[in-house]
There are 4 protein chains.
Amino acid sequence: MNKRKIINDPVHGFITIDHPLIFKVLAHPIYQRLRRIHQMALAALVYPGAVHSRFHHALGAYHLMGEALKELRSKGVAITDEEVLASKLAILLHDVGHGPYSHALEHVLVSGVHHEQLSLLIMQQMNSEMDGALDLAIQIFTNKHEKRFLYQLLSGQLDVDRMDYLTRDSFFTGVIEGSIGYDRIIKMLTVHNGELMVEEKGIYSIEKFLVARRLMYWQVYLHKTVLVAEKMLVNILKRAKEIGANSPSEFLNMFLNAEMLKHSPAQLLFEFCQLDDNDVMSAVKQWQMHEDKVLSLLCGMLFNRNLLKIKMQTTPFEDADVANKKQTIQSLLQLTDEEANYFVFDGEATNTTYDVHEEKINILFKDDAVKDISQVDNALIQQSISSKVKKYYLCYWK
Amino acid sequence: MNKRKIINDPVHGFITIDHPLIFKVLAHPIYQRLRRIHQMALAALVYPGAVHSRFHHALGAYHLMGEALKELRSKGVAITDEEVLASKLAILLHDVGHGPYSHALEHVLVSGVHHEQLSLLIMQQMNSEMDGALDLAIQIFTNKHEKRFLYQLLSGQLDVDRMDYLTRDSFFTGVIEGSIGYDRIIKMLTVHNGELMVEEKGIYSIEKFLVARRLMYWQVYLHKTVLVAEKMLVNILKRAKEIGANSPSEFLNMFLNAEMLKHSPAQLLFEFCQLDDNDVMSAVKQWQMHEDKVLSLLCGMLFNRNLLKIKMQTTPFEDADVANKKQTIQSLLQLTDEEANYFVFDGEATNTTYDVHEEKINILFKDDAVKDISQVDNALIQQSISSKVKKYYLCYWK
Amino acid sequence: MNKRKIINDPVHGFITIDHPLIFKVLAHPIYQRLRRIHQMALAALVYPGAVHSRFHHALGAYHLMGEALKELRSKGVAITDEEVLASKLAILLHDVGHGPYSHALEHVLVSGVHHEQLSLLIMQQMNSEMDGALDLAIQIFTNKHEKRFLYQLLSGQLDVDRMDYLTRDSFFTGVIEGSIGYDRIIKMLTVHNGELMVEEKGIYSIEKFLVARRLMYWQVYLHKTVLVAEKMLVNILKRAKEIGANSPSEFLNMFLNAEMLKHSPAQLLFEFCQLDDNDVMSAVKQWQMHEDKVLSLLCGMLFNRNLLKIKMQTTPFEDADVANKKQTIQSLLQLTDEEANYFVFDGEATNTTYDVHEEKINILFKDDAVKDISQVDNALIQQSISSKVKKYYLCYWK
Amino acid sequence: MNKRKIINDPVHGFITIDHPLIFKVLAHPIYQRLRRIHQMALAALVYPGAVHSRFHHALGAYHLMGEALKELRSKGVAITDEEVLASKLAILLHDVGHGPYSHALEHVLVSGVHHEQLSLLIMQQMNSEMDGALDLAIQIFTNKHEKRFLYQLLSGQLDVDRMDYLTRDSFFTGVIEGSIGYDRIIKMLTVHNGELMVEEKGIYSIEKFLVARRLMYWQVYLHKTVLVAEKMLVNILKRAKEIGANSPSEFLNMFLNAEMLKHSPAQLLFEFCQLDDNDVMSAVKQWQMHEDKVLSLLCGMLFNRNLLKIKMQTTPFEDADVANKKQTIQSLLQLTDEEANYFVFDGEATNTTYDVHEEKINILFKDDAVKDISQVDNALIQQSISSKVKKYYLCYWK
């Protein structure tokens with residue numbers, strides 16, 4: 001009998017680990033690093049419970065992948081044991097490329113490289129360490145495996161990634177209205193013509209899922225206080241780069257520095273994998289005492305949760321209003337025009353409830369007809385609400 | 001110090017009873033009767049947990065009324081202690097006029113009288129027993145009290161009745177996607193110009209509430225198996241009336257019988273208050289052995305959950321199809337044309353997600369603007385989905 | 001692919017039915033009868049949510065049986081598909097012999113016959129209807145199957161029956177402290193030398209299970225108000241028997257009547273299977289107007305939850321005190337000495353936290369040693385607390 | 001109307017902040033620091049969800065204090081508004097003196113000073129900043145206020161601190177058997193002769209509370225993997241001190257260094273308040289590459305969760321066994337005898353279910369008798385199980 005381990009998860013109950021390869025991946029230092037990266041970046045400044053890690057989320061998604069495959073098999077869908085294992089490995093690794101405070105800092109630290117590309121690079125490196133044991137997992141991850149529905153479970157409109165993070169983020173924030181009833185959705189999944197679909201009687205659960213996601217976006221992910229905190233963190237790293245500030249972490253320094261360009265891709269990947277949230281927060285802490293006024297002010301404010309003011313509205317802000325606020329801070333703190341931009345700035349936050357062009361959640365009817373969720377009779381999710389919702393924000397010194 | 005009692009409620013935790021009048025109402029035999037009336041009629045045939053009573057629901061709504069008033073008071077809304085007590089009494093009694101298997105049988109047993117009128121009659125009778133102690137409660141219940149928001153909490157688009165039954169029905173059926181986050185909604189309530197409103201940041205919770213309600217309607221209340229069972233029960237009582245069948249309950253007989261017309265209203269009200277679900281189910285049980293073929297067949301089927309077949313679709317059924325099915329059963333069981341109607345029948349079930357003309361959920365913005373939930377920017381709940389959704393059903397002998 | 005049905009259960013989530021025999025048993029009228037028998041008899045008079053049915057409990061235990069067998073198989077215990085099915089059938093049917101308000105009325109209605117014997121009789125009858133399809137299930141139920149651990153899962157110290165009813169009763173009463181963490185216990189089950197055991201690291205979960213059971217007994221099952229209500233119901237049926245009262249249910253009459261003795265066992269079994277809680281409650285309702293003073297008084301009180309007073313203490317009541325209270329009621333209501341016993345009576349309620357002689361919960365240590373839970377080092381559950389706890393109650397007219 | 005804020009807490013629902021002083025304390029940088037200190041130190045290495053902060057726990061305890069006081073007031077206990085506010089402030093600040101990875105590192109970083117003393121020092125400093133606004137809070141915290149029950153709620157056998165951390169730790173670890181039913185306990189609290197007591201009918205809840213606490217100790221707080229990880233962290237800091245290793249955090253260096261002794265107490269308190277978990281984990285990360293073999297090995301192992309082996313048993317380990325294991329590692333890694341102690345060491349973990357001498361949970365009976373929980377009839381919690389449970393552990397190189 002194989003070694004077998006059970007992990008307590010307040011969200012899903014118990015998560016079972018029962019294959020040597022899964023153990024091996026979990027134990028890998030690069031994987032353990034995910035323990036030190038918050039799933040929700042700075043959201044804990046508003047929702048104090050939201051301190052769960054990417055490691056925990058990946059475990060949860062791995063669990064749901066197992067549940068979904070079990071359900072599909074019980075409905076007669078052919079899935080081999082190798083495919084089960086590979087799908088679980090793929091979901092376990094899907095987020096391994098995330099850096100510290102990921103969504104916020106992705107563009108500052110490694111501009112131009114998406115975390116999914118990094119995940120793939122890391123998977124490939126692990127694969128060579130493991131003599132090709134991840135071949136099939138990588139095939140599925142890159143959508144090159146013939147059974148497309150496995151890819152869709154991993155990265156589609158109803159993938160287990162989304163199901164886990166919405167459930168988990170709702171759980172840890174305490175925003176229970178964001179819960180999505182993932183267990184019912186999983187029971188409703190089916191495969192038709194090789195594509196992942198939802199049975200007819202799952203329609204209302206899917207509607208509910210989309211509305212819960214909408215709620216989570218506006219109430220949590222794009223909560224104005226979370227937004228301003230993340231923008232301030234971005235500004236901090238931008239400023240540090242600009243003035244060549246040194247952090248206590250040599251690896252973080254690498255990414256703030258032109259030296260970086262001289263390293264080989266393999267070296268850079270290694271260095272990237274040394275970074276976690278601690279490096280960033282330790283830098284912020286130390287830079288509170290930096291001699292650069294802009295940097296020290298921003299760091300002191302963020303570190304002690306003494307944030308910039310933020311307003312959000314459905315129309316753009318007046319240029320005059322923005323200019324006016326900049327003027328005030330400039331003369332108050334004796335800043336250059338450019339420096340003032342670190343304290344007063346506006347922008348847009350957008351979210352789409354259901355994009356009828358890009359998203360495809362297919363409903364399978366009893367008569368084998370297939371319709372997109374936005375096309376079923378009396379759909380709640382219609383053309384008319386499928387456009388991007390845009391909100392404008394303005395951050396400024398109080 | 002007053003007598004004080006705590007009741008365990010799996011839905012709300014603990015419910016506190018702390019006023020002599022509340023104790024008096026709860027202990028009244030007419031009130032205790034609600035223990036024997038299922039909140040969800042025959043839904044337990046599909047959702048085995050859904051066996052909770054109207055008594056339990058009324059207690060829950062009473063609890064939420066207390067919570068809502070506490071919240072409003074803490075926001076500075078003026079509410080006297082007398083109004084608090086009266087509002088609690090009113091919600092406790094709002095459903096006291098429900099008869100056995102209420103929604104299903106209302107029209108068969110006491111045709112032409114709505115349960116709210118019966119609730120009022122009973123409240124008035126109790127009030128005279130209690131020397132006018134319910135005066136203010138009745139005033140609020142009939143919307144004659146000047147503080148309109150108290151009536152709206154009792155019977156409006158966001159009343160505590162609805163909040164409790166959606167929450168409770170979701171809990172006992174296990175359809176967790178139907179949960180509405182009532183505690184957040186209550187935190188978002190406010191009063192503006194004497195009207196009940198929702199604060200701006202509660203918009204997504206309200207959307208969620210409406211979508212959860214929509215889901216509960218189609219997935220639970222109008223579930224096709226629940227529907228056919230309730231229709232069969234209606235047919236059973238209609239047939240019993242038609243052929244003058246006798247039940248083991250003399251009170252039920254009264255309502256199935258022309259004698260009824262000779263009784264005074266006061267007598268009838270007394271007799272109505274003797275009825276509960278047991279009377280109906282005992283009759284069904286006994287009528288399984290009735291000599292009338294139609295009655296005994298229907299009773300045997302319902303009692304043993306061997307129901308008629310039902311189909312539901314978004315377009316009306318073909319007349320020929322219905323006629324055809326009737327023909328079959330008629331010759332199979334040797335029935336008259338009229339008798340066949342008890343086994344083959346069609347109809348419509350309708351539900352509206354949000355009726356922009358009738359429903360008014362007002363959102364209060366920070367700048368004191370007031371908008372209906374369907375009028376806010378980027379509303380999910382729009383004109384376009386505010387029309388009635390109609391589904392057609394056909395029940396027939398398998 | 002087999003027909004497959006999913007039932008929503010608020011306690012366990014989703015329960016899957018996927019075998020024709022299971023469908024057949026569930027659809028049987030004798031089985032459907034369990035829908036009309038409350039799992040917790042009159043406990044709803046104290047805990048309004050506790051109205052769940054024996055049908056629902058049996059479904060839940062069936063679900064847990066499936067989970068436990070899946071877990072054991074994954075640990076390498078050999079269990080055939082036939083044994084899985086038979087164990088599930090056995091647990092589904094284990095309570096089918098329960099009569100109305102079972103524990104309370106067992107001794108009044110069918111004195112001398114335990115409900116487990118009735119369950120067996122009914123299983124045997126169903127088995128002959130089903131051409132022996134229940135053979136193996138009956139073998140397991142009667143502990144004649146060689147794999148003793150299957151019987152232990154069905155009816156042992158840690159059986160799925162107990163796990164479900166403690167969990168379910170805790171859920172529906174809202175007494176959350178009574179929850180037992182059944183999922184962890186199931187994960188800790190194992191089989192050693194053919195016997196069901198618990199892995200070493202499950203010790204604290206088992207302690208917790210026993211303490212939760214203790215709490216449920218004293219706080220819920222033997223709650224003094226529940227106790228007095230059940231004693232009153234017993235007294236009602238005793239009195240009805242004594243004076244030969246007629247109920248609206250002819251089947252109930254059979255069991256209250258000497259005629260019964262003339263019926264054959266097969267006839268009696270059939271008749272017994274017609275009874276449910278409604279028959280009893282309809283009788284109580286009608287007997288409120290019976291000419292016998294004792295009967296009508298008791299029925300009126302129980303029906304309207306206007307119960308006798310009850311005191312509970314750890315020492316027996318003084319004879320003089322009891323006699324005194326009897327005297328009072330006798331003269332007040334003009335009763336004979338014997339009639340007074342219906343209104344004033346005392347007795348004992350007992351419960352044992354863990355009986356070291358009868359109960360055997362075996363812990364399997366890593367070194368293959370086996371110890372009873374009361375024998376492990378630093379056991380909470382020790383000899384000293386394994387004696388029966390006795391409480392004395394006195395019920396009387398207020 | 002006061003400013004009012006609602007914080008989402010997945011454990012208690014919503015936490016309301018509604019007094020300027022509470023806002024002021026929460027916003028203080030020293031208080032915000034608690035966001036960066038894990039409530040459960042390294043437990044997340046076993047329970048991945050256990051990443052909640054001391055900040056979150058303090059908020060939760062503050063909420064429960066409010067609930068408990070509301071309950072006591074509703075029972076007629078005299079408590080002024082000032083006392084309510086002061087009690088809330090005191091509980092909010094009770095843990096403010098915790099350092100990084102508190103329980104583990106308390107003795108290494110500030111040997112000889114208990115975190116409660118530090119909390120008091122910090123409260124006094126804040127109090128002088130706030131012109132004495134914390135006077136009454138400090139009086140209660142130091143048990144100098146005449147109403148002793150307020151101190152008992154803060155720091156007694158049934159204090160809100162314990163109720164929150166057991167509930168919260170159970171919630172975030174997912175060890176649901178550790179949940180304690182705090183809401184029922186709070187409903188059962190009362191005050192008699194100025195002392196906090198539990199009403200008679202709360203006995204079983206208290207038993208359950210003590211058993212849940214016992215379970216949490218052995219299953220979570222003293223889980224062997226958690227234990228070894230925390231011991232390794234202690235060893236890391238000891239070694240760093242010993243060899244004078246430099247960390248990236250100057251404040252941490254202060255506490256690892258003899259320089260510290262030259263600082264004034266006020267300076268030291270300030271410096272202590274700069275420390276959080278990040279400083280320690282960043283040091284561990286960097287020291288993986290330290291030239292000292294002992295330090296770098298330990299850091300590498302802890303950082304990548306590649307821990308020492310640990311055995312736990314109820315009897316002490318044989319000296320020969322320990323010596324033997326030391327020998328092995330010494331020759332393998334070429335270590336001195338003293339260095340080997342960093343990799344092979346034994347010790348004791350102890351916990352007492354209920355110490356009858358020190359703990360006093362008083363039960364108030366209806367007849368005004370008062371008994372300790374271990375003295376009530378048929379007590380589960382008895383003399384015999386009140387002795388310390390001792391377990392021996394041995395950590396070693398695998």
# chains A, B, ... in the order shown; residues from 1 in each chain; ligands from 1

$ closest_atom_pairs --of "chain B" --to "chain A" --cutoff "10 Å" --atoms "only C-alpha atoms" --output "JSON lines"
{"residue": "B:Val175", "atom": "CA", "partner": "A:Gly181", "partner_atom": "CA", "distance": 8.7}
{"residue": "B:Ile176", "atom": "CA", "partner": "A:Gly181", "partner_atom": "CA", "distance": 6.7}
{"residue": "B:Glu177", "atom": "CA", "partner": "A:Gly181", "partner_atom": "CA", "distance": 5.5}
{"residue": "B:Gly178", "atom": "CA", "partner": "A:Lys208", "partner_atom": "CA", "distance": 8.8}
{"residue": "B:Ser179", "atom": "CA", "partner": "A:Glu177", "partner_atom": "CA", "distance": 7.8}
{"residue": "B:Ile180", "atom": "CA", "partner": "A:Glu177", "partner_atom": "CA", "distance": 6.7}
{"residue": "B:Gly181", "atom": "CA", "partner": "A:Glu177", "partner_atom": "CA", "distance": 5.5}
{"residue": "B:Tyr182", "atom": "CA", "partner": "A:Glu177", "partner_atom": "CA", "distance": 9.2}
{"residue": "B:Arg184", "atom": "CA", "partner": "A:Glu177", "partner_atom": "CA", "distance": 8.8}
{"residue": "B:Lys201", "atom": "CA", "partner": "A:Gln219", "partner_atom": "CA", "distance": 8.4}
{"residue": "B:Gly202", "atom": "CA", "partner": "A:Gln219", "partner_atom": "CA", "distance": 9.4}
{"residue": "B:Ile203", "atom": "CA", "partner": "A:Leu215", "partner_atom": "CA", "distance": 9.2}
{"residue": "B:Tyr204", "atom": "CA", "partner": "A:Leu215", "partner_atom": "CA", "distance": 5.6}
{"residue": "B:Ser205", "atom": "CA", "partner": "A:Glu177", "partner_atom": "CA", "distance": 7.1}
{"residue": "B:Glu207", "atom": "CA", "partner": "A:Val211", "partner_atom": "CA", "distance": 8.0}
{"residue": "B:Lys208", "atom": "CA", "partner": "A:Val211", "partner_atom": "CA", "distance": 6.7}
{"residue": "B:Phe209", "atom": "CA", "partner": "A:Glu177", "partner_atom": "CA", "distance": 8.8}
{"residue": "B:Val211", "atom": "CA", "partner": "A:Lys208", "partner_atom": "CA", "distance": 6.7}
{"residue": "B:Ala212", "atom": "CA", "partner": "A:Lys208", "partner_atom": "CA", "distance": 7.1}
{"residue": "B:Arg214", "atom": "CA", "partner": "A:Tyr204", "partner_atom": "CA", "distance": 8.2}
{"residue": "B:Leu215", "atom": "CA", "partner": "A:Tyr204", "partner_atom": "CA", "distance": 5.6}
{"residue": "B:Met216", "atom": "CA", "partner": "A:Tyr204", "partner_atom": "CA", "distance": 9.0}
{"residue": "B:Trp218", "atom": "CA", "partner": "A:Tyr204", "partner_atom": "CA", "distance": 8.0}
{"residue": "B:Gln219", "atom": "CA", "partner": "A:Tyr204", "partner_atom": "CA", "distance": 7.6}
{"residue": "B:Gln313", "atom": "CA", "partner": "A:Asp377", "partner_atom": "CA", "distance": 10.0}
{"residue": "B:Thr314", "atom": "CA", "partner": "A:Asp377", "partner_atom": "CA", "distance": 7.4}
{"residue": "B:Thr353", "atom": "CA", "partner": "A:Leu380", "partner_atom": "CA", "distance": 8.8}
{"residue": "B:Asp377", "atom": "CA", "partner": "A:Thr314", "partner_atom": "CA", "distance": 7.4}
{"residue": "B:Asn378", "atom": "CA", "partner": "A:Val389", "partner_atom": "CA", "distance": 6.6}
{"residue": "B:Ala379", "atom": "CA", "partner": "A:Ile385", "partner_atom": "CA", "distance": 8.0}
{"residue": "B:Leu380", "atom": "CA", "partner": "A:Ile385", "partner_atom": "CA", "distance": 6.6}
{"residue": "B:Ile381", "atom": "CA", "partner": "A:Leu380", "partner_atom": "CA", "distance": 8.6}
{"residue": "B:Gln382", "atom": "CA", "partner": "A:Ile385", "partner_atom": "CA", "distance": 8.9}
{"residue": "B:Ser384", "atom": "CA", "partner": "A:Ser384", "partner_atom": "CA", "distance": 8.4}
{"residue": "B:Ile385", "atom": "CA", "partner": "A:Leu380", "partner_atom": "CA", "distance": 6.6}
{"residue": "B:Ser386", "atom": "CA", "partner": "A:Leu380", "partner_atom": "CA", "distance": 9.8}
{"residue": "B:Ser387", "atom": "CA", "partner": "A:Asn378", "partner_atom": "CA", "distance": 9.2}
{"residue": "B:Lys388", "atom": "CA", "partner": "A:Asn378", "partner_atom": "CA", "distance": 9.2}
{"residue": "B:Val389", "atom": "CA", "partner": "A:Asn378", "partner_atom": "CA", "distance": 6.6}
{"residue": "B:Lys390", "atom": "CA", "partner": "A:Asn378", "partner_atom": "CA", "distance": 9.0}

$ select_by_dssp --residues "stretch 65-220 of chain A" --states "helix (DSSP H, G or I)" --output "ChimeraX atom specification"
/A:65-74,81-93,102-109,115-129,135-141,148-154,160-173,176-178,182-188,200-220

$ select_by_dssp --residues "stretch 126-273 of chain A" --states "strand (DSSP E)" --output "VMD selection string"
chain A and resid 189 to 192 195 to 199

$ write_last_selection --atoms "N, CA, C and O atoms" --output "compact mmCIF listing (two decimals), in the first residue's frame"
# COMPACT_ATOMS: atom_id res chain seq x y z
N LEU A 189 -21.31 18.58 -13.95
CA LEU A 189 -20.38 18.56 -15.08
C LEU A 189 -20.57 17.29 -15.90
O LEU A 189 -20.90 16.23 -15.38
N THR A 190 -20.34 17.42 -17.19
CA THR A 190 -20.40 16.25 -18.05
C THR A 190 -19.52 16.53 -19.27
O THR A 190 -19.03 17.65 -19.45
N VAL A 191 -19.28 15.51 -20.06
CA VAL A 191 -18.47 15.69 -21.27
C VAL A 191 -19.30 15.26 -22.47
O VAL A 191 -19.96 14.22 -22.45
N HIS A 192 -19.31 16.12 -23.50
CA HIS A 192 -20.09 15.86 -24.71
C HIS A 192 -19.22 16.25 -25.89
O HIS A 192 -18.69 17.37 -25.91
N GLU A 195 -15.98 17.87 -25.09
CA GLU A 195 -15.93 19.19 -24.44
C GLU A 195 -16.61 19.13 -23.07
O GLU A 195 -17.61 18.42 -22.89
N LEU A 196 -16.12 19.91 -22.15
CA LEU A 196 -16.73 20.01 -20.83
C LEU A 196 -18.04 20.80 -20.91
O LEU A 196 -18.08 21.87 -21.52
N MET A 197 -19.09 20.24 -20.33
CA MET A 197 -20.40 20.91 -20.36
C MET A 197 -21.06 20.81 -19.00
O MET A 197 -20.61 20.08 -18.12
N VAL A 198 -22.20 21.51 -18.90
CA VAL A 198 -22.98 21.47 -17.67
C VAL A 198 -24.36 20.91 -18.02
O VAL A 198 -24.95 21.31 -19.02
N GLU A 199 -24.85 19.97 -17.22
CA GLU A 199 -26.18 19.43 -17.46
C GLU A 199 -27.25 20.51 -17.29
O GLU A 199 -27.10 21.41 -16.48

$ atom_distance --atom1 "atom CA of D:Ala266" --atom2 "atom CA of D:Lys24"
21.9 Å

$ atom_distance --atom1 "atom CA of D:Tyr217" --atom2 "atom CA of D:Val51"
17.5 Å

$ residues_around --residues "A:Asp95" --least-positions-apart "3" --cutoff "9 Å" --atoms "only C-alpha atoms" --output "PDB file with C-alpha atoms, in the first residue's frame"
ATOM      1  CA  LEU A  34       4.076  29.145  -2.312  1.00  0.00           C
ATOM      2  CA  ARG A  54      -1.152  30.176  -2.751  1.00  0.00           C
ATOM      3  CA  PHE A  55       0.069  26.840  -1.447  1.00  0.00           C
ATOM      4  CA  ALA A  58      -3.279  24.965  -5.047  1.00  0.00           C
ATOM      5  CA  ILE A  91      -3.435  21.833 -11.345  1.00  0.00           C
ATOM      6  CA  LEU A  92      -1.040  21.572  -8.428  1.00  0.00           C
ATOM      7  CA  HIS A  98       3.391  33.391  -9.135  1.00  0.00           C
ATOM      8  CA  HIS A 115       2.857  34.103 -14.473  1.00  0.00           C
ATOM      9  CA  GLU A 116       1.502  31.260 -16.577  1.00  0.00           C
ATOM     10  CA  LEU A 118       6.707  31.225 -15.548  1.00  0.00           C
ATOM     11  CA  SER A 119       4.635  28.296 -14.289  1.00  0.00           C
TER      12      SER A 119
END

$ residues_around --residues "D:Ile243" --least-positions-apart "5" --cutoff "10 Å" --atoms "only C-alpha atoms" --output "ChimeraX atom specification"
/D:237-238,256-257,292,295

$ write_last_selection --atoms "all heavy atoms" --output "PDB file, in the first residue's frame"
ATOM      1  N   LEU D 237      17.745  30.384  16.439  1.00  0.00           N
ATOM      2  CA  LEU D 237      18.048  31.677  17.048  1.00  0.00           C
ATOM      3  C   LEU D 237      19.105  31.555  18.144  1.00  0.00           C
ATOM      4  O   LEU D 237      19.937  32.453  18.326  1.00  0.00           O
ATOM      5  CB  LEU D 237      16.769  32.336  17.545  1.00  0.00           C
ATOM      6  CG  LEU D 237      15.885  32.807  16.386  1.00  0.00           C
ATOM      7  CD1 LEU D 237      14.640  33.502  16.882  1.00  0.00           C
ATOM      8  CD2 LEU D 237      16.638  33.750  15.441  1.00  0.00           C
ATOM      9  N   LYS D 238      19.065  30.449  18.849  1.00  0.00           N
ATOM     10  CA  LYS D 238      20.120  30.218  19.850  1.00  0.00           C
ATOM     11  C   LYS D 238      21.486  30.170  19.179  1.00  0.00           C
ATOM     12  O   LYS D 238      22.447  30.790  19.641  1.00  0.00           O
ATOM     13  CB  LYS D 238      19.888  28.865  20.537  1.00  0.00           C
ATOM     14  CG  LYS D 238      19.059  28.940  21.796  1.00  0.00           C
ATOM     15  CD  LYS D 238      19.178  27.592  22.531  1.00  0.00           C
ATOM     16  CE  LYS D 238      18.079  27.401  23.538  1.00  0.00           C
ATOM     17  NZ  LYS D 238      17.853  25.980  23.825  1.00  0.00           N
ATOM     18  N   LEU D 256      19.724  39.826  19.274  1.00  0.00           N
ATOM     19  CA  LEU D 256      20.587  38.644  19.203  1.00  0.00           C
ATOM     20  C   LEU D 256      21.987  38.986  19.726  1.00  0.00           C
ATOM     21  O   LEU D 256      22.897  38.184  19.663  1.00  0.00           O
ATOM     22  CB  LEU D 256      20.690  38.154  17.748  1.00  0.00           C
ATOM     23  CG  LEU D 256      19.403  37.643  17.120  1.00  0.00           C
ATOM     24  CD1 LEU D 256      19.634  37.321  15.642  1.00  0.00           C
ATOM     25  CD2 LEU D 256      18.888  36.419  17.848  1.00  0.00           C
ATOM     26  N   ASN D 257      22.094  40.177  20.261  1.00  0.00           N
ATOM     27  CA  ASN D 257      23.408  40.767  20.419  1.00  0.00           C
ATOM     28  C   ASN D 257      23.599  41.345  21.805  1.00  0.00           C
ATOM     29  O   ASN D 257      22.684  41.851  22.422  1.00  0.00           O
ATOM     30  CB  ASN D 257      23.475  41.924  19.387  1.00  0.00           C
ATOM     31  CG  ASN D 257      24.882  42.292  19.098  1.00  0.00           C
ATOM     32  OD1 ASN D 257      25.583  42.753  19.995  1.00  0.00           O
ATOM     33  ND2 ASN D 257      25.291  42.073  17.857  1.00  0.00           N
ATOM     34  N   ASP D 292      28.331  29.083   8.846  1.00  0.00           N
ATOM     35  CA  ASP D 292      28.277  28.129   9.965  1.00  0.00           C
ATOM     36  C   ASP D 292      27.401  26.942   9.557  1.00  0.00           C
ATOM     37  O   ASP D 292      26.225  27.098   9.217  1.00  0.00           O
ATOM     38  CB  ASP D 292      27.683  28.803  11.211  1.00  0.00           C
ATOM     39  CG  ASP D 292      27.570  27.817  12.359  1.00  0.00           C
ATOM     40  OD1 ASP D 292      28.589  27.287  12.817  1.00  0.00           O
ATOM     41  OD2 ASP D 292      26.408  27.545  12.775  1.00  0.00           O
ATOM     42  N   LEU D 295      24.063  26.394  11.630  1.00  0.00           N
ATOM     43  CA  LEU D 295      23.042  27.385  11.326  1.00  0.00           C
ATOM     44  C   LEU D 295      22.472  27.181   9.923  1.00  0.00           C
ATOM     45  O   LEU D 295      21.251  27.163   9.733  1.00  0.00           O
ATOM     46  CB  LEU D 295      23.634  28.796  11.460  1.00  0.00           C
ATOM     47  CG  LEU D 295      22.624  29.945  11.340  1.00  0.00           C
ATOM     48  CD1 LEU D 295      21.556  29.836  12.408  1.00  0.00           C
ATOM     49  CD2 LEU D 295      23.314  31.306  11.417  1.00  0.00           C
TER      50      LEU D 295
END

$ residues_around --residues "A:Ser53" --least-positions-apart "5" --cutoff "7 Å" --atoms "only C-alpha atoms" --output "list of chain:residue names"
A:Leu34, A:Arg35, A:Arg36, A:Ile37, A:His38, A:Gln39

$ write_last_selection --atoms "N, CA and C atoms" --output "tab-separated table (two decimals), in the first residue's frame"
chain	number	residue	atom	x	y	z
A	34	LEU	N	5.44	28.63	-2.20
A	34	LEU	CA	4.08	29.14	-2.31
A	34	LEU	C	3.42	29.34	-0.95
A	35	ARG	N	3.96	28.67	0.07
A	35	ARG	CA	3.46	28.92	1.43
A	35	ARG	C	3.67	30.36	1.86
A	36	ARG	N	4.64	31.01	1.27
A	36	ARG	CA	5.01	32.36	1.71
A	36	ARG	C	4.49	33.45	0.77
A	37	ILE	N	3.56	33.05	-0.11
A	37	ILE	CA	2.94	34.04	-0.98
A	37	ILE	C	1.45	34.06	-0.70
A	38	HIS	N	0.96	35.23	-0.32
A	38	HIS	CA	-0.47	35.34	-0.01
A	38	HIS	C	-1.30	35.18	-1.27
A	39	GLN	N	-2.37	34.42	-1.16
A	39	GLN	CA	-3.29	34.25	-2.29
A	39	GLN	C	-3.93	35.58	-2.67

$ residues_around --residues "B:Val110" --least-positions-apart "2" --cutoff "12 Å" --atoms "only C-alpha atoms" --output "MDAnalysis selection string"
chainID B and resid 97:100 102:108 112:115 117:118 237 252 254:257 260:261 265 268:269 271:272 275

$ residues_around --residues "D:Gln139" --least-positions-apart "2" --cutoff "12 Å" --atoms "only C-alpha atoms" --output "number ranges by chain"
D: 83, 86-87, 89-90, 120, 123-124, 127, 132-137, 141-148, 150-151, 154
